[in-house]
file final.txt (compact mmCIF, C-alpha atoms)
# COMPACT_ATOMS: atom_id res chain seq x y z
CA MET T 84 -50.23 -291.66 -51.11
CA ASP T 85 -54.01 -291.69 -51.25
CA PRO T 86 -55.27 -294.82 -53.14
CA ILE T 87 -57.26 -292.70 -55.57
CA GLN T 88 -54.17 -290.56 -56.33
CA THR T 89 -52.19 -293.74 -56.86
CA MET T 90 -54.75 -295.02 -59.37
CA VAL T 91 -54.69 -291.72 -61.25
CA SER T 92 -50.88 -291.56 -61.36
CA GLU T 93 -50.66 -295.13 -62.67
CA ARG T 94 -53.39 -294.75 -65.29
CA LYS T 95 -52.00 -294.40 -68.79
CA GLU T 96 -53.68 -292.69 -71.71
CA SER T 97 -53.24 -294.15 -75.16
CA LYS T 98 -52.91 -291.54 -77.89
CA ASN T 99 -53.02 -291.69 -81.66
CA VAL T 100 -49.62 -290.32 -82.70
CA CYS T 101 -48.16 -289.41 -86.09
CA VAL T 102 -44.39 -289.63 -86.50
CA ILE T 103 -43.11 -287.79 -89.58
CA GLY T 104 -39.93 -289.43 -90.80
CA ALA T 105 -38.69 -293.03 -90.68
CA GLY T 106 -35.01 -292.30 -90.24
CA PRO T 107 -33.04 -293.32 -87.12
CA SER T 108 -34.75 -290.77 -84.85
CA GLY T 109 -38.26 -291.49 -86.12
CA ILE T 110 -37.89 -295.24 -85.76
CA ALA T 111 -36.48 -294.94 -82.23
CA VAL T 112 -39.32 -292.65 -81.15
CA ALA T 113 -41.98 -294.83 -82.77
CA ARG T 114 -40.67 -297.81 -80.83
CA GLU T 115 -40.85 -295.96 -77.51
CA LEU T 116 -44.36 -294.73 -78.31
CA ARG T 117 -45.51 -298.28 -79.05
CA ARG T 118 -43.88 -299.56 -75.88
CA GLU T 119 -45.93 -297.03 -73.94
CA GLY T 120 -49.12 -298.28 -75.56
CA HIS T 121 -49.78 -295.52 -78.08
CA GLU T 122 -51.13 -296.06 -81.58
CA VAL T 123 -48.45 -294.94 -84.05
CA VAL T 124 -48.53 -294.02 -87.71
CA VAL T 125 -45.14 -293.29 -89.33
CA LEU T 126 -45.09 -291.16 -92.47
CA GLU T 127 -42.08 -291.47 -94.79
CA GLN T 128 -41.56 -289.86 -98.19
CA ASN T 129 -39.10 -292.53 -99.38
CA HIS T 130 -39.96 -296.11 -100.33
CA ASP T 131 -38.32 -297.59 -97.22
CA ILE T 132 -37.04 -296.72 -93.77
CA GLY T 133 -33.62 -295.16 -93.15
CA GLY T 134 -34.07 -291.47 -93.87
CA GLN T 135 -30.88 -289.80 -95.02
CA TRP T 136 -29.08 -293.13 -94.62
CA LEU T 137 -31.31 -294.98 -97.10
CA TYR T 138 -28.90 -295.53 -99.96
CA ASP T 139 -30.13 -294.63 -103.42
CA PRO T 140 -27.51 -295.10 -106.16
CA ASN T 141 -29.54 -293.07 -108.66
CA VAL T 142 -30.10 -290.00 -106.52
CA GLU T 143 -28.17 -287.73 -108.91
CA GLN T 144 -30.69 -288.49 -111.65
CA GLU T 145 -33.62 -287.63 -109.40
CA GLU T 146 -32.55 -284.55 -107.45
CA ASP T 147 -31.12 -281.13 -108.13
CA PRO T 148 -27.31 -281.41 -107.78
CA LEU T 149 -27.23 -278.47 -105.38
CA GLY T 150 -30.24 -279.61 -103.38
CA ARG T 151 -32.41 -276.61 -104.22
CA ASN T 152 -36.11 -277.29 -103.58
CA PRO T 153 -35.34 -280.74 -102.06
CA TRP T 154 -39.02 -281.41 -101.38
CA LEU T 155 -40.18 -280.62 -104.93
CA LYS T 156 -39.34 -283.98 -106.50
CA LYS T 157 -41.00 -285.84 -103.66
CA GLN T 158 -44.14 -283.75 -104.04
CA GLU T 159 -44.28 -284.58 -107.76
CA LYS T 160 -44.33 -288.27 -106.88
CA LYS T 161 -47.32 -287.95 -104.55
CA SER T 162 -50.45 -289.91 -105.34
CA ASP T 163 -53.42 -288.01 -106.66
CA GLU T 164 -55.41 -289.43 -103.78
CA GLU T 165 -54.74 -287.46 -100.60
CA VAL T 166 -55.95 -288.68 -97.23
CA GLU T 167 -56.51 -286.45 -94.23
CA GLN T 168 -56.24 -287.82 -90.73
CA VAL T 169 -56.43 -286.20 -87.32
CA PHE T 170 -53.95 -287.21 -84.61
CA ASP T 171 -53.68 -286.50 -80.91
CA ALA T 172 -50.00 -285.65 -81.31
CA VAL T 173 -47.38 -285.18 -84.01
CA VAL T 174 -43.68 -285.92 -83.71
CA VAL T 175 -41.49 -284.32 -86.39
CA ALA T 176 -38.52 -286.64 -86.91
CA THR T 177 -36.87 -285.24 -90.02
CA GLY T 178 -33.73 -284.46 -88.03
CA HIS T 179 -31.03 -281.99 -89.00
CA TYR T 180 -30.22 -283.39 -92.46
CA SER T 181 -33.07 -281.49 -94.01
CA SER T 182 -31.98 -279.05 -96.69
CA PRO T 183 -28.45 -278.82 -98.17
CA ARG T 184 -26.66 -275.64 -97.13
CA LEU T 185 -24.70 -273.78 -99.78
CA PRO T 186 -22.07 -271.08 -99.22
CA CYS T 187 -22.48 -267.61 -100.67
CA ILE T 188 -19.78 -267.48 -103.35
CA GLN T 189 -19.65 -264.86 -106.06
CA GLY T 190 -20.11 -266.36 -109.50
CA MET T 191 -21.86 -269.60 -108.50
CA ASP T 192 -24.78 -268.91 -110.85
CA LYS T 193 -22.48 -268.12 -113.80
CA TRP T 194 -20.06 -271.04 -113.40
CA ARG T 195 -21.04 -273.50 -116.13
CA ARG T 196 -19.12 -276.56 -115.01
CA ARG T 197 -20.36 -279.16 -112.55
CA GLN T 198 -21.42 -278.02 -109.09
CA MET T 199 -23.04 -280.37 -106.59
CA HIS T 200 -23.73 -280.80 -102.89
CA SER T 201 -22.42 -283.85 -101.07
CA HIS T 202 -25.95 -285.16 -100.42
CA ILE T 203 -25.97 -286.70 -103.91
CA TYR T 204 -22.34 -287.91 -103.97
CA ARG T 205 -22.20 -291.70 -104.29
CA SER T 206 -18.96 -292.80 -105.97
CA PRO T 207 -15.60 -291.34 -107.00
CA GLU T 208 -15.76 -292.92 -110.47
CA PRO T 209 -17.65 -290.08 -112.26
CA PHE T 210 -14.78 -287.76 -111.28
CA ARG T 211 -11.92 -289.91 -112.58
CA GLY T 212 -9.19 -287.78 -114.18
CA GLU T 213 -10.85 -284.49 -113.19
CA ILE T 214 -9.66 -281.50 -111.21
CA VAL T 215 -12.05 -281.31 -108.26
CA VAL T 216 -12.50 -278.69 -105.56
CA VAL T 217 -14.11 -279.97 -102.35
CA VAL T 218 -15.54 -277.15 -100.23
CA GLY T 219 -15.72 -277.90 -96.52
CA ASN T 220 -13.25 -279.58 -94.20
CA SER T 221 -15.60 -281.37 -91.82
CA PHE T 222 -16.39 -285.08 -91.81
CA SER T 223 -18.10 -285.38 -95.20
CA GLY T 224 -15.47 -283.19 -96.89
CA GLN T 225 -12.64 -285.30 -95.53
CA GLU T 226 -14.29 -288.65 -96.24
CA ILE T 227 -15.15 -287.71 -99.83
CA SER T 228 -11.71 -286.23 -100.41
CA LEU T 229 -10.13 -289.51 -99.30
CA GLU T 230 -12.10 -291.36 -101.96
CA LEU T 231 -11.60 -288.82 -104.71
CA VAL T 232 -7.86 -288.33 -104.31
CA LYS T 233 -7.26 -291.89 -105.53
CA VAL T 234 -8.93 -291.29 -108.92
CA VAL T 235 -8.83 -287.56 -109.72
CA LYS T 236 -6.05 -285.65 -111.40
CA GLU T 237 -6.03 -283.02 -108.65
CA LEU T 238 -7.95 -282.71 -105.40
CA HIS T 239 -8.21 -279.26 -103.83
CA LEU T 240 -9.77 -279.16 -100.35
CA SER T 241 -11.02 -275.66 -99.53
CA SER T 242 -11.18 -274.95 -95.80
CA LYS T 243 -11.94 -272.03 -93.50
CA SER T 244 -8.79 -272.88 -91.57
CA LEU T 245 -5.48 -274.21 -92.86
CA ASP T 246 -4.60 -275.48 -89.39
CA ILE T 247 -5.16 -279.21 -89.77
CA TYR T 248 -4.93 -282.14 -87.40
CA GLU T 249 -2.58 -285.11 -87.58
CA GLY T 250 -4.75 -287.50 -89.57
CA LEU T 251 -5.46 -285.05 -92.39
CA SER T 252 -1.82 -283.92 -92.42
CA LYS T 253 -0.78 -287.53 -93.08
CA VAL T 254 -3.16 -287.70 -96.04
CA VAL T 255 -1.94 -284.41 -97.54
CA SER T 256 1.66 -285.60 -97.24
CA LYS T 257 0.92 -288.99 -98.77
CA TYR T 258 -0.83 -287.88 -101.96
CA GLU T 259 0.97 -285.47 -104.29
CA ASN T 260 -2.34 -284.54 -105.97
CA PHE T 261 -3.96 -283.50 -102.66
CA HIS T 262 -3.84 -279.73 -102.13
CA LEU T 263 -5.14 -277.76 -99.14
CA ARG T 264 -6.66 -274.41 -100.09
CA PRO T 265 -8.23 -271.45 -98.27
CA GLN T 266 -11.85 -270.47 -98.89
CA ILE T 267 -13.12 -269.68 -102.38
CA ASP T 268 -13.36 -265.99 -103.22
CA ASN T 269 -15.22 -266.37 -106.51
CA LEU T 270 -16.01 -268.62 -109.45
CA GLN T 271 -15.53 -267.43 -113.04
CA GLU T 272 -17.23 -268.38 -116.29
CA ASP T 273 -14.05 -269.83 -117.83
CA GLY T 274 -13.96 -272.51 -115.10
CA SER T 275 -11.56 -270.65 -112.82
CA VAL T 276 -11.84 -271.06 -109.06
CA VAL T 277 -10.22 -268.11 -107.30
CA PHE T 278 -9.25 -268.53 -103.65
CA THR T 279 -8.98 -265.85 -100.97
CA ASP T 280 -5.16 -265.92 -101.09
CA GLY T 281 -5.29 -264.90 -104.76
CA SER T 282 -4.37 -268.31 -106.17
CA ARG T 283 -6.55 -269.85 -108.85
CA ILE T 284 -7.08 -273.09 -110.72
CA ILE T 285 -9.25 -274.30 -113.60
CA ALA T 286 -11.55 -276.97 -112.16
CA ASP T 287 -13.99 -279.48 -113.61
CA THR T 288 -16.17 -279.86 -110.51
CA VAL T 289 -16.89 -277.99 -107.29
CA LEU T 290 -18.36 -280.28 -104.64
CA TYR T 291 -19.91 -278.58 -101.61
CA CYS T 292 -19.56 -280.52 -98.35
CA THR T 293 -21.13 -277.69 -96.40
CA GLY T 294 -23.74 -279.37 -94.27
CA TYR T 295 -27.45 -278.79 -93.99
CA ASN T 296 -30.05 -276.29 -92.88
CA TYR T 297 -33.10 -277.19 -90.83
CA SER T 298 -36.19 -277.07 -92.99
CA PHE T 299 -39.82 -277.98 -92.23
CA PRO T 300 -41.88 -276.86 -95.26
CA PHE T 301 -44.71 -279.21 -94.31
CA LEU T 302 -45.09 -277.80 -90.78
CA ASP T 303 -47.42 -274.83 -90.36
CA THR T 304 -47.40 -273.55 -86.80
CA LYS T 305 -48.54 -270.01 -87.68
CA GLY T 306 -45.09 -268.69 -86.80
CA ILE T 307 -44.88 -270.36 -83.38
CA VAL T 308 -41.93 -272.54 -84.42
CA VAL T 309 -39.45 -270.84 -86.74
CA VAL T 310 -35.97 -271.43 -88.13
CA ASP T 311 -33.82 -268.34 -87.56
CA ASP T 312 -30.19 -268.57 -88.74
CA ASN T 313 -30.45 -272.35 -88.34
CA ARG T 314 -31.82 -272.10 -84.80
CA VAL T 315 -35.10 -273.97 -84.47
CA GLY T 316 -37.21 -272.45 -81.79
CA PRO T 317 -38.37 -271.88 -79.31
CA LEU T 318 -37.77 -275.48 -78.23
CA TYR T 319 -37.58 -276.61 -74.62
CA GLU T 320 -34.67 -279.04 -74.35
CA HIS T 321 -34.37 -278.97 -78.17
CA THR T 322 -37.64 -280.90 -78.35
CA PHE T 323 -40.82 -279.13 -77.24
CA PRO T 324 -42.35 -275.83 -78.47
CA PRO T 325 -43.75 -274.61 -75.11
CA SER T 326 -47.14 -273.40 -76.32
CA LEU T 327 -47.79 -276.55 -78.39
CA ALA T 328 -46.21 -279.27 -76.22
CA PRO T 329 -46.56 -282.14 -75.81
CA SER T 330 -48.94 -282.38 -78.77
CA LEU T 331 -46.10 -281.27 -81.04
CA SER T 332 -42.48 -282.29 -80.56
CA LEU T 333 -39.36 -282.30 -82.74
CA VAL T 334 -36.71 -285.00 -82.44
CA GLY T 335 -33.26 -285.43 -83.94
CA ILE T 336 -32.48 -281.71 -83.84
CA PRO T 337 -29.26 -281.70 -81.75
CA LYS T 338 -25.93 -282.21 -83.51
CA ARG T 339 -22.59 -283.55 -82.32
CA ILE T 340 -24.27 -285.91 -79.92
CA LEU T 341 -24.57 -289.66 -79.34
CA GLY T 342 -27.56 -289.92 -81.62
CA LEU T 343 -29.25 -293.25 -81.00
CA PRO T 344 -29.25 -293.15 -77.18
CA PHE T 345 -30.47 -289.55 -77.33
CA PHE T 346 -33.29 -290.46 -79.73
CA GLU T 347 -34.36 -293.19 -77.31
CA TYR T 348 -34.41 -290.67 -74.48
CA GLN T 349 -36.51 -288.28 -76.56
CA GLY T 350 -38.91 -291.04 -77.52
CA LYS T 351 -39.43 -292.26 -73.98
CA TRP T 352 -39.98 -288.77 -72.59
CA ILE T 353 -42.49 -287.91 -75.33
CA ALA T 354 -44.29 -291.23 -74.87
CA GLU T 355 -44.65 -290.81 -71.11
CA LEU T 356 -45.77 -287.21 -71.44
CA LEU T 357 -48.50 -288.25 -73.84
CA SER T 358 -49.62 -291.09 -71.59
CA GLY T 359 -49.80 -288.78 -68.58
CA LYS T 360 -47.01 -290.43 -66.62
CA LYS T 361 -44.89 -287.29 -66.80
CA VAL T 362 -45.73 -283.59 -66.95
CA LEU T 363 -43.80 -280.72 -68.53
CA PRO T 364 -43.14 -277.46 -66.67
CA SER T 365 -45.51 -274.60 -67.37
CA CYS T 366 -45.21 -272.72 -70.66
CA GLU T 367 -43.71 -269.75 -68.81
CA GLU T 368 -41.12 -271.92 -67.08
CA MET T 369 -40.13 -273.59 -70.34
CA MET T 370 -39.76 -270.22 -72.09
CA LYS T 371 -37.61 -268.97 -69.24
CA SER T 372 -35.40 -272.05 -69.51
CA ILE T 373 -35.03 -271.51 -73.26
CA GLU T 374 -34.04 -267.87 -72.82
CA GLU T 375 -31.50 -268.80 -70.16
CA PHE T 376 -30.03 -271.40 -72.51
CA TYR T 377 -29.78 -268.86 -75.33
CA ASP T 378 -28.09 -266.38 -72.98
CA SER T 379 -25.58 -269.00 -71.84
CA ARG T 380 -24.64 -269.84 -75.42
CA GLU T 381 -24.21 -266.19 -76.30
CA ALA T 382 -22.08 -265.60 -73.21
CA ALA T 383 -19.88 -268.53 -74.27
CA GLY T 384 -19.39 -266.90 -77.69
CA ILE T 385 -21.39 -269.55 -79.55
CA HIS T 386 -23.10 -268.23 -82.68
CA LYS T 387 -26.86 -268.63 -83.06
CA ARG T 388 -26.46 -271.02 -85.99
CA HIS T 389 -24.65 -273.44 -83.66
CA THR T 390 -27.47 -273.46 -81.07
CA HIS T 391 -28.13 -277.18 -81.46
CA GLU T 392 -24.51 -278.34 -81.48
CA ILE T 393 -24.16 -280.00 -78.10
CA GLY T 394 -20.91 -281.95 -78.10
CA ASP T 395 -20.82 -283.32 -74.55
CA PHE T 396 -22.05 -286.31 -72.55
CA GLU T 397 -23.32 -284.21 -69.67
CA TYR T 398 -26.29 -282.88 -71.57
CA ILE T 399 -27.29 -286.35 -72.81
CA GLU T 400 -27.24 -287.65 -69.24
CA LYS T 401 -29.24 -284.67 -67.99
CA TYR T 402 -31.80 -285.31 -70.71
CA GLY T 403 -31.82 -289.01 -69.84
CA GLU T 404 -32.69 -288.19 -66.24
CA LEU T 405 -35.68 -286.16 -67.42
CA ALA T 406 -36.79 -289.16 -69.47
CA GLY T 407 -36.17 -291.61 -66.63
CA PHE T 408 -33.27 -293.40 -68.31
CA ARG T 409 -30.14 -294.64 -66.61
CA LYS T 410 -26.90 -292.72 -67.12
CA LEU T 411 -24.78 -293.46 -70.15
CA GLU T 412 -22.56 -296.46 -69.58
CA GLU T 413 -18.87 -295.65 -69.18
CA TRP T 414 -17.95 -298.09 -71.94
CA ARG T 415 -20.20 -296.22 -74.34
CA LYS T 416 -18.55 -292.88 -73.57
CA GLU T 417 -15.05 -294.36 -73.72
CA LEU T 418 -15.73 -296.07 -77.06
CA CYS T 419 -17.02 -292.81 -78.46
CA VAL T 420 -13.96 -290.86 -77.34
CA SER T 421 -11.62 -293.61 -78.56
CA SER T 422 -13.25 -293.61 -82.00
CA ILE T 423 -13.00 -289.84 -82.32
CA ILE T 424 -9.32 -289.81 -81.33
CA ASN T 425 -8.57 -292.63 -83.77
CA TYR T 426 -10.34 -290.69 -86.54
CA PHE T 427 -8.35 -287.52 -85.96
CA VAL T 428 -5.02 -289.34 -85.68
CA ASN T 429 -5.51 -292.03 -88.34
CA LEU T 430 -8.00 -290.53 -90.79
CA GLU T 431 -7.28 -292.91 -93.64
CA THR T 432 -6.99 -296.15 -91.65
CA CYS T 433 -9.32 -295.58 -88.68
CA ARG T 434 -11.98 -297.98 -90.01
CA ASP T 435 -9.48 -300.79 -90.47
CA SER T 436 -7.57 -300.47 -87.21
CA TRP T 437 -8.70 -299.84 -83.66
CA TYR T 438 -7.29 -300.07 -80.18
CA ASP T 439 -10.27 -300.71 -77.94
CA ASP T 440 -10.87 -304.48 -78.07
CA GLU T 441 -11.19 -304.74 -74.30
CA LYS T 442 -13.73 -301.93 -74.21
CA LEU T 443 -15.71 -303.62 -76.98
CA ARG T 444 -15.74 -306.87 -75.00
CA GLU T 445 -16.92 -305.01 -71.91
CA ALA T 446 -19.70 -303.43 -73.96
CA LEU T 447 -20.86 -306.74 -75.45
CA GLN T 448 -20.96 -308.34 -72.01
CA SER T 449 -23.10 -305.56 -70.58
CA PRO T 450 -26.86 -306.05 -70.00
CA TYR T 451 -27.52 -303.61 -72.83
CA PHE T 452 -26.42 -306.28 -75.31
CA THR T 453 -26.89 -309.55 -73.46
CA GLN T 454 -30.56 -308.83 -72.69
CA LEU T 455 -31.12 -307.62 -76.23
CA VAL T 456 -29.54 -310.43 -78.19
CA GLY T 457 -29.33 -313.23 -75.66
CA VAL T 458 -26.11 -314.65 -77.10
CA ASP T 459 -23.20 -316.38 -75.41
CA LEU T 460 -20.31 -313.97 -75.74
CA GLU T 461 -17.65 -316.39 -74.56
CA ASP T 462 -17.03 -317.44 -78.16
CA VAL T 463 -16.80 -313.90 -79.49
CA SER T 464 -13.33 -313.15 -80.81
CA PHE T 465 -11.76 -309.79 -81.59

call {"tool": "encode", "arguments": {"input": "final.txt", "output": "structure tokens"}}
result
Amino acid sequence: MDPIQTMVSERKESKNVCVIGAGPSGIAVARELRREGHEVVVLEQNHDIGGQWLYDPNVEQEEDPLGRNPWLKKQEKKSDEEVEQVFDAVVVATGHYSSPRLPCIQGMDKWRRRQMHSHIYRSPEPFRGEIVVVVGNSFSGQEISLELVKVVKELHLSSKSLDIYEGLSKVVSKYENFHLRPQIDNLQEDGSVVFTDGSRIIADTVLYCTGYNYSFPFLDTKGIVVVDDNRVGPLYEHTFPPSLAPSLSLVGIPKRILGLPFFEYQGKWIAELLSGKKVLPSCEEMMKSIEEFYDSREAAGIHKRHTHEIGDFEYIEKYGELAGFRKLEEWRKELCVSSIINYFVNLETCRDSWYDDEKLREALQSPYFTQLVGVDLEDVSF
């Protein structure tokens, strides 16, 4: 290579970058940006880092139980003094836990008893002795049901499908007050919850464990980046809006993925793009790639609202190659699979029993940990 070309390729540009959000994805990206020599400012609406995982025991007193207008309370707490600042690039790191999603159920507005979304659930104690309906049979619905069933009079888990896996079946069989129900048809003013099979109960609380919608009320791209049926786009590799990249990027969007390694990959790729060490394809090429991805999802029968649900290691490794990272370690993939299997088979006890001690030892002896912590692992017991 020509010496001048070599000097140009090795020269790094330092940018002034704003990262919006100090949750897991924002922190990981900020670290990679700093490592690459960029100046970083992280904006966070809460009083500390952690994002959705920053525990606040008093959240029910501060937020709407159903999560409507989730940004309103934060805006009310803003200082009267507003500061404007111009950045070279902005990274939106508010992830996919943005705005609570609620189902469309007839009678929700007329039902006068307690309704709440799982984002403000903290403890089973306020529900002691109640009849509670939990809507949603994914992870949060199952976890919360496991806590509630020990203190409530009756627990009714409403699910799209009544075909359940082994771990949940064990729980239903163990607790006489645990009832599996189909979806809710309607709610009535007298406290009745009517299910699609015609059965009904009088409930004290309906708790919606129905996930989240992507929401970016602070981001004005003049319609370039939009949320359509929970698809954020257009985004090249779930990260870059082609006509605005790399000055604008969004991280933490994909679901059902190994989050922390993926956030590192995103951070490193963004950092090296901003420093000039890497270059994105042309806008036209990125748009073509996005359209091909959309077509492949449609051909596979995947609904638009599930665009960002990845669910495989192959994509993470492909993304890692683009960012210049090594492939995922086998121990990491095997631990992930082992944990998922244990969860589905032993829902109630999976956190207290595991069967992968050898894989854990292999992980802790890998350079990923030994270089990071610098500890002697010979004395580690399992």

call {"tool": "residues_around", "arguments": {"input": "final.txt", "residues": "T:Cys292", "least_positions_apart": "6", "cutoff": "12 Å", "atoms": "all atoms listed in the file", "output": "list in words"}}
result
Leu149, Gly150, Pro183, Arg184, Leu185, Pro186, Gln198, Met199, His200, Ser201, His202, Ile203, Tyr204, Val216, Val217, Val218, Gly219, Asn220, Ser221, Phe222, Ser223, Gly224, Gln225, Glu226, Ile227, Ser228, Leu240, Ser241 and Ser242 of chain T

call {"tool": "residues_near_point", "arguments": {"input": "final.txt", "point": "(-44.6, -287.9, -74.6)", "cutoff": "9 Å", "atoms": "only C-alpha atoms", "output": "list in words"}}
result
Leu116, Ala172, Ala328, Pro329, Ser330, Ser332, Gln349, Gly350, Lys351, Trp352, Ile353, Ala354, Glu355, Leu356, Leu357, Ser358, Gly359, Lys360, Lys361 and Val362 of chain T

call {"tool": "atom_distance", "arguments": {"input": "final.txt", "atom1": "atom CA of T:Asp440", "atom2": "atom CA of T:Lys257"}}
result
28.4 Å

call {"tool": "atom_distance", "arguments": {"input": "final.txt", "atom1": "atom CA of T:Phe323", "atom2": "atom CA of T:Thr177"}}
result
14.7 Å

call {"tool": "closest_atom_pairs", "arguments": {"input": "final.txt", "of": "stretch 235-351 of chain T", "to": "stretch 393-412 of chain T", "cutoff": "9 Å", "atoms": "only C-alpha atoms", "output": "tab-separated table"}}
result
residue	atom	partner	partner_atom	distance
T:Glu320	CA	T:Tyr402	CA	7.8
T:Pro337	CA	T:Ile393	CA	6.5
T:Lys338	CA	T:Ile393	CA	6.1
T:Arg339	CA	T:Gly394	CA	4.8
T:Ile340	CA	T:Gly394	CA	5.5
T:Leu341	CA	T:Ile399	CA	7.8
T:Pro344	CA	T:Ile399	CA	8.3
T:Phe345	CA	T:Ile399	CA	6.4
T:Glu347	CA	T:Gly403	CA	8.9
T:Tyr348	CA	T:Gly403	CA	5.6
T:Gln349	CA	T:Ala406	CA	7.1
T:Gly350	CA	T:Ala406	CA	8.5
T:Lys351	CA	T:Ala406	CA	6.1

call {"tool": "atom_distance", "arguments": {"input": "final.txt", "atom1": "atom CA of T:Trp437", "atom2": "atom CA of T:Glu417"}}
result
13.0 Å

call {"tool": "residues_around", "arguments": {"input": "final.txt", "residues": "T:His179", "least_positions_apart": "2", "cutoff": "10 Å", "atoms": "all atoms listed in the file", "output": "PDB file with C-alpha atoms, keeping the file's coordinate frame"}}
result
ATOM      1  CA  GLN T 135     -30.880-289.800 -95.020  1.00  0.00           C
ATOM      2  CA  ALA T 176     -38.520-286.640 -86.910  1.00  0.00           C
ATOM      3  CA  THR T 177     -36.870-285.240 -90.020  1.00  0.00           C
ATOM      4  CA  SER T 181     -33.070-281.490 -94.010  1.00  0.00           C
ATOM      5  CA  SER T 182     -31.980-279.050 -96.690  1.00  0.00           C
ATOM      6  CA  GLY T 294     -23.740-279.370 -94.270  1.00  0.00           C
ATOM      7  CA  TYR T 295     -27.450-278.790 -93.990  1.00  0.00           C
ATOM      8  CA  ASN T 296     -30.050-276.290 -92.880  1.00  0.00           C
ATOM      9  CA  TYR T 297     -33.100-277.190 -90.830  1.00  0.00           C
ATOM     10  CA  SER T 298     -36.190-277.070 -92.990  1.00  0.00           C
ATOM     11  CA  ASN T 313     -30.450-272.350 -88.340  1.00  0.00           C
ATOM     12  CA  VAL T 334     -36.710-285.000 -82.440  1.00  0.00           C
ATOM     13  CA  GLY T 335     -33.260-285.430 -83.940  1.00  0.00           C
ATOM     14  CA  ILE T 336     -32.480-281.710 -83.840  1.00  0.00           C
ATOM     15  CA  PRO T 337     -29.260-281.700 -81.750  1.00  0.00           C
ATOM     16  CA  LYS T 338     -25.930-282.210 -83.510  1.00  0.00           C
ATOM     17  CA  HIS T 391     -28.130-277.180 -81.460  1.00  0.00           C
TER      18      HIS T 391
END

call {"tool": "closest_residue", "arguments": {"input": "final.txt", "among": "T:Ser252, T:Glu392, T:Pro324, T:Ser206", "to": "T:Pro140", "atoms": "all atoms listed in the file"}}
result
T:Ser206

call {"tool": "closest_residue", "arguments": {"input": "final.txt", "among": "T:Trp194, T:Phe452, T:Tyr258, T:Trp136", "to": "T:Glu272", "atoms": "only C-alpha atoms"}}
result
T:Trp194

call {"tool": "closest_residue", "arguments": {"input": "final.txt", "among": "T:Asp246, T:Ile110, T:Val234, T:Ala105", "to": "T:Asp131", "atoms": "only C-alpha atoms"}}
result
T:Ala105

call {"tool": "closest_residue", "arguments": {"input": "final.txt", "among": "T:His130, T:Arg314, T:Arg197, T:Arg434", "to": "T:His389", "atoms": "only C-alpha atoms"}}
result
T:Arg314

call {"tool": "axis_aligned_box", "arguments": {"input": "final.txt", "around": "stretch 431-448 of chain T", "padding_each_side": "4 Å", "output": "JSON"}}
result
{"center_x": -14.0, "center_y": -300.6, "center_z": -82.8, "size_x": 22.0, "size_y": 23.4, "size_z": 29.7}

call {"tool": "closest_residue", "arguments": {"input": "final.txt", "among": "T:Lys233, T:His321, T:Lys98, T:His121", "to": "T:Ile373", "atoms": "only C-alpha atoms"}}
result
T:His321

call {"tool": "residues_around", "arguments": {"input": "final.txt", "residues": "T:Val254", "least_positions_apart": "3", "cutoff": "10 Å", "atoms": "all atoms listed in the file", "output": "list of chain:residue names"}}
result
T:Gln225, T:Ser228, T:Leu229, T:Val232, T:Glu249, T:Gly250, T:Leu251, T:Lys257, T:Tyr258, T:Glu259, T:Phe261, T:Asn429, T:Leu430, T:Glu431
